[in-house]
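Undergrad: I'd like to ask you about the structure that follows.
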Amino acid sequence: MKSVTFFVPGLPKGQPRPRAFARYMGQNAAGGARFMARMYDPSTAEGWKGQIADAAKQYLPEIPTELPVSLSLSFFMPRPKKHFNSKGLKMDSPENFIQKPDADNLAKAVMDALTVIGMWKDDAQVYELRVLKKFGEHTGAQITVQF
């Protein structure tokens with residue numbers, strides 16, 4: 001079993017949900033309303049996915065693997081100022097990050113980025129997924145891929 005681990009510095013972003021809109025296009029021949037529906041993907045995570053791709057490129061297999069994949073993701077988020085006092089980190093500051101972005105959206109952004117650059121053929125190959133969200137001194141994501 002091959003295993004690669006790498007760290008992606010930066011502020012982790014979740015994969016946004018696809019959005020839809022409908023535009024009124026007038027009436028059809030029968031007098032009913034016509035609408036044009038469009039789907040789009042808000043690109044708020046594109047920069048983060050690019051950082052993931054850049055960090056992962058040196059670990060890519062020669063061809064995208066078709067083997068089952070185990071993926072372990074640890075996301076480290078910045079602490080808010082209220083976690084600190086004049087002496088440093090407050091003793092009662094939480095360790096785990098339980099706010100948005102959601103763990104599943106963070107994982108989806110990583111899986112999409114790794115699929116696009118050819119780590120694996122399809123993210124459906126991920127049979128095991130572990131996601132951890134914590135506060136960290138250094139923000140980013142530690143990614144471990146096993147296949």
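Identifiers in this document derive from the order of the structure tokens: chains are assigned A, B, ..., residues are numbered from 1 separately in each chain, and ligands are numbered from 1 in order of occurrence.
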Near Ser72 in chain A, within 6 Å and counting only C-alpha atoms, which residues show up once chain neighbours fewer than 5 positions away are dropped, as a PyMOL selection string?

TA: chain A and resi 129-130+143-144

Undergrad: Using N, CA and C atoms, can you write the selected residues to a file as a tab-separated table (two decimals), in the first residue's frame?

TA:
chain	number	residue	atom	x	y	z
A	129	LEU	N	-12.90	7.81	4.73
A	129	LEU	CA	-12.65	9.24	4.83
A	129	LEU	C	-12.67	9.64	6.30
A	130	ARG	N	-11.56	10.19	6.76
A	130	ARG	CA	-11.48	10.71	8.13
A	130	ARG	C	-11.23	12.21	8.05
A	143	ILE	N	-2.92	16.30	4.64
A	143	ILE	CA	-3.64	15.35	3.80
A	143	ILE	C	-2.82	14.07	3.68
A	144	THR	N	-3.44	12.93	3.99
A	144	THR	CA	-2.81	11.63	3.84
A	144	THR	C	-3.66	10.79	2.90

Undergrad: Find the residues around Thr65 in chain A up to 9 Å (only C-alpha atoms counted), leave out those fewer than 6 positions away in its own chain, and share them as a list in words.

TA: Gly118, Met119, Trp120, Lys121, Asp122 and Phe147 of chain A

Undergrad: Counting only C-alpha atoms, which residue out of A:Pro9, A:Ala22, A:Trp48, A:Asp104 sits closest to Met36 in chain A?

TA: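 Of the candidates, the smallest distance to Met36 in chain A is held by A:Ala22.
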
Undergrad: With a distance cut-off of 8 Å and only C-alpha atoms, select the neighbouring residues of Lys134 in chain A, excluding the residue or stretch itself and same-chain residues fewer than 2 positions from it, and output the selection as a CSV table (one decimal) with C-alpha atoms, in the first residue's frame.

TA:
chain,number,residue,atom,x,y,z
A,74,SER,CA,-6.9,17.3,9.3
A,75,PHE,CA,-7.9,20.9,8.9
A,76,PHE,CA,-6.3,23.6,11.1
A,77,MET,CA,-8.3,26.8,11.5
A,95,GLU,CA,-9.4,22.6,20.8
A,96,ASN,CA,-11.9,21.5,18.2
A,97,PHE,CA,-13.3,23.8,15.5
A,132,LEU,CA,-10.7,16.4,11.7
A,136,GLY,CA,-4.2,25.5,14.9

Undergrad: Could you pull out all residues of chain A with a DSSP call of strand (DSSP E) and give them as a ChimeraX atom specification?

TA: /A:3-9,19-27,33-40,69-77,84-85,88-89,126-135,140-146

Undergrad: Taking into account only C-alpha atoms, which residue in the set A:Gln15, A:Tyr24, A:Tyr59, A:Phe135 is nearest to Pro80 in chain A?

TA: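 Smallest distance to Pro80 in chain A is found for A:Phe135.
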
Undergrad: I'd like to know which of A:Met1, A:Ile52, A:Ala29, A:Leu73 is closest to Ala107 in chain A, using only C-alpha atoms.

TA: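 Comparing A:Met1, A:Ile52, A:Ala29, A:Leu73 against Ala107 in chain A, the winner is A:Leu73.
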
Undergrad: Rank A:Thr5, A:Gln27, A:Thr44, A:Thr115 by their smallest atom-to-atom distance to Val145 in chain A, using only C-alpha atoms, and report the top residue only.

TA: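 Residue with the minimum atom-to-atom distance to Val145 in chain A: A:Thr5.
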
Undergrad: For a quick check of understanding, using only C-alpha atoms, which of A:Asn28, A:Ser86, A:Ile117, A:Val8 has the smallest distance to Glu62 in chain A?

TA: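 Among the listed residues, A:Ile117 lies closest to Glu62 in chain A.
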
Undergrad: Name all residues at most 6 Å from Ser70 in chain A (count only C-alpha atoms; drop same-chain ones fewer than 6 positions away) and give them as a PDB file with C-alpha atoms, in the first residue's frame.

TA:
ATOM      1  CA  VAL A 126     -12.505   6.976  -1.600  1.00  0.00           C
ATOM      2  CA  GLU A 128     -12.584   5.568   3.859  1.00  0.00           C
ATOM      3  CA  VAL A 145      -3.707   9.491   0.825  1.00  0.00           C
ATOM      4  CA  GLN A 146      -3.329   5.702   0.927  1.00  0.00           C
TER       5      GLN A 146
END

Undergrad: Of the candidates A:Gln58, A:Asn105, A:Asn85, A:Ser3, which one gets nearest to Lys133 in chain A if we count only C-alpha atoms?

TA: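 The closest residue to Lys133 in chain A is A:Asn105.
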
Undergrad: How many Å separate CA of Pro94 in chain A from CA of Pro16 in chain A?

TA: 26.2 Å

Undergrad: Could you pull out the alpha helix (DSSP H) residues of chain A from DSSP and send them as a list in words?

TA: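 Alpha helix (DSSP H) assignments inside chain A correspond to Glu46, Gly47, Trp48, Lys49, Gly50, Gln51, Ile52, Ala53, Asp54, Ala55, Ala56, Ala103, Asp104, Asn105, Leu106, Ala107, Lys108, Ala109, Val110, Met111, Asp112, Ala113, Leu114, Thr115, Val116 and Ile117 of chain A.
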